[in-house]
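K.L.:
Sending over model14.csv (CSV, C-alpha atoms).
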```
chain,number,residue,atom,x,y,z
W,1,GLN,CA,0.0,0.0,0.0
W,2,GLN,CA,2.8,2.4,0.8
W,3,GLU,CA,4.4,1.9,-2.6
W,4,LEU,CA,1.1,2.6,-4.4
W,5,GLY,CA,0.6,5.7,-2.3
W,6,GLU,CA,4.1,6.9,-3.3
W,7,ILE,CA,3.3,6.3,-7.0
W,8,VAL,CA,0.0,8.2,-6.9
W,9,GLU,CA,1.6,11.1,-5.0
W,10,ALA,CA,4.6,11.4,-7.3
W,11,GLY,CA,4.3,14.6,-9.3
W,12,SER,CA,5.5,13.3,-12.6
W,13,ALA,CA,3.9,9.9,-12.6
W,14,PRO,CA,0.9,10.9,-14.8
W,15,VAL,CA,3.2,12.3,-17.5
W,16,VAL,CA,5.7,9.4,-17.5
W,17,SER,CA,3.3,6.5,-17.3
W,18,PRO,CA,-0.3,7.6,-17.3
W,19,ALA,CA,-1.9,4.2,-17.5
W,20,GLU,CA,0.1,2.8,-14.7
W,21,PHE,CA,-0.6,5.9,-12.6
W,22,VAL,CA,-4.3,5.6,-13.1
W,23,ARG,CA,-4.4,1.9,-12.5
W,24,SER,CA,-2.4,2.5,-9.3
W,25,LEU,CA,-5.2,4.7,-8.1
W,26,TYR,CA,-7.6,1.9,-8.5
W,27,LEU,CA,-5.4,-0.7,-6.8
W,28,LEU,CA,-4.9,1.7,-3.9
W,29,GLY,CA,-8.7,2.2,-3.6
W,30,GLU,CA,-9.1,-1.6,-3.5
W,31,ILE,CA,-6.6,-1.9,-0.7
W,32,GLU,CA,-8.2,0.9,1.3
W,33,GLU,CA,-11.7,-0.7,0.7
W,34,SER,CA,-10.5,-4.1,1.9
W,35,GLN,CA,-9.1,-2.5,5.0
W,36,GLY,CA,-12.4,-0.9,5.8
W,37,ASN,CA,-11.1,2.6,5.2
W,38,ASN,CA,-14.2,3.5,3.1
W,39,GLN,CA,-13.8,7.2,3.2
W,40,GLN,CA,-10.3,7.1,1.9
W,41,ALA,CA,-11.2,4.5,-0.7
W,42,ARG,CA,-14.0,6.7,-2.0
W,43,GLN,CA,-11.6,9.6,-2.4
W,44,THR,CA,-9.1,7.4,-4.2
W,45,TYR,CA,-11.7,5.9,-6.5
W,46,ARG,CA,-13.0,9.4,-7.3
W,47,ARG,CA,-9.5,10.3,-8.4
W,48,PHE,CA,-9.4,7.1,-10.5
W,49,LEU,CA,-12.7,8.0,-12.1
W,50,ASP,CA,-11.6,11.5,-12.9
W,51,TYR,CA,-9.2,10.0,-15.3
W,52,TRP,CA,-10.9,6.8,-16.5
W,53,ALA,CA,-14.7,7.1,-16.1
W,54,ASP,CA,-15.4,8.2,-19.7
W,55,GLY,CA,-12.8,6.0,-21.4
W,56,ASP,CA,-12.8,2.5,-22.9
W,57,MET,CA,-10.1,1.0,-20.7
W,58,ASP,CA,-10.6,-1.1,-17.5
W,59,ARG,CA,-14.4,-0.9,-17.7
W,60,ASP,CA,-14.9,-3.5,-14.9
W,61,GLN,CA,-12.8,-1.5,-12.5
W,62,VAL,CA,-14.6,1.7,-13.5
W,63,GLU,CA,-17.9,0.1,-12.8
W,64,HIS,CA,-16.8,-1.2,-9.4
W,65,ALA,CA,-15.4,2.3,-8.5
W,66,GLU,CA,-18.6,4.0,-9.6
W,67,GLN,CA,-20.7,1.6,-7.6
W,68,PHE,CA,-18.5,2.0,-4.5
W,69,VAL,CA,-18.5,5.8,-4.7
W,70,GLY,CA,-22.2,5.9,-5.4
W,71,SER,CA,-22.9,3.8,-2.2
W,72,SER,CA,-21.9,6.6,0.1
```
Output the structure of this file as structure tokens.
P.N.:
Amino acid sequence: QQELGEIVEAGSAPVVSPAEFVRSLYLLGEIEESQGNNQQARQTYRRFLDYWADGDMDRDQVEHAEQFVGSS
């Protein structure tokens, strides 16, 4: 979890490897969700959705994140 947190907080990550950066947001959200940290998971999933919600990639993950965020 710490490593994923470092990836998503790195300032240049979206420029260098945008797909990996966005997928790291989803994975971090999953970890936070599994640990019961639902508020933080929602924030992380929202960041993921800011990038991926309207795209064609990782639609299963987008659907999960949207459902989780919508359940608040």
K.L.:
What are the nearest atom pairs, with distances in Å to one decimal, for all residues of region 38-71 of chain W that come at most 7 Å from region 15-25 of chain W, using all atoms listed in the file, set out by chain and rising residue number as CSV?
P.N.:
```
residue,atom,partner,partner_atom,distance
W:Thr44,CA,W:Leu25,CA,6.1
W:Tyr45,CA,W:Leu25,CA,6.8
W:Phe48,CA,W:Leu25,CA,5.4
W:Tyr51,CA,W:Val22,CA,6.9
```
K.L.:
With distances taken over only C-alpha atoms, which residue among W:Arg59, W:Leu49, W:Gln40, W:Gln2 lies nearest Tyr26 (chain W)?
P.N.:
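Nearest candidate to Tyr26 (chain W) out of W:Arg59, W:Leu49, W:Gln40, W:Gln2: W:Leu49.
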K.L.:
Please write as a list of chain:residue names the list of polymer residues whose atoms come within 12 Å of (-12.2, 9.9, 0.5), counting all atoms listed in the file and keeping to the coordinates of the file.
P.N.:
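All residues meeting the 12 Å criterion around (-12.2, 9.9, 0.5) are W:Leu28, W:Gly29, W:Glu32, W:Glu33, W:Asn37, W:Asn38, W:Gln39, W:Gln40, W:Ala41, W:Arg42, W:Gln43, W:Thr44, W:Tyr45, W:Arg46, W:Arg47, W:Phe48, W:Phe68, W:Val69, W:Ser72.
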K.L.:
Work out how far apart CA of Gly36 (chain W) and CA of Gly55 (chain W) are and give it in Å to one decimal.
P.N.:
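Interatomic distance, CA of Gly36 (chain W) to CA of Gly55 (chain W): 28.1 Å.
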K.L.:
To one decimal place, how far is CA of Gln61 (chain W) from CA of Leu27 (chain W) in Å?
P.N.:
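Distance reported for this atom pair: 9.4 Å.
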K.L.:
To one decimal in Å, tell me the separation between CA of Gln35 (chain W) and CA of Glu6 (chain W).
P.N.:
18.2 Å
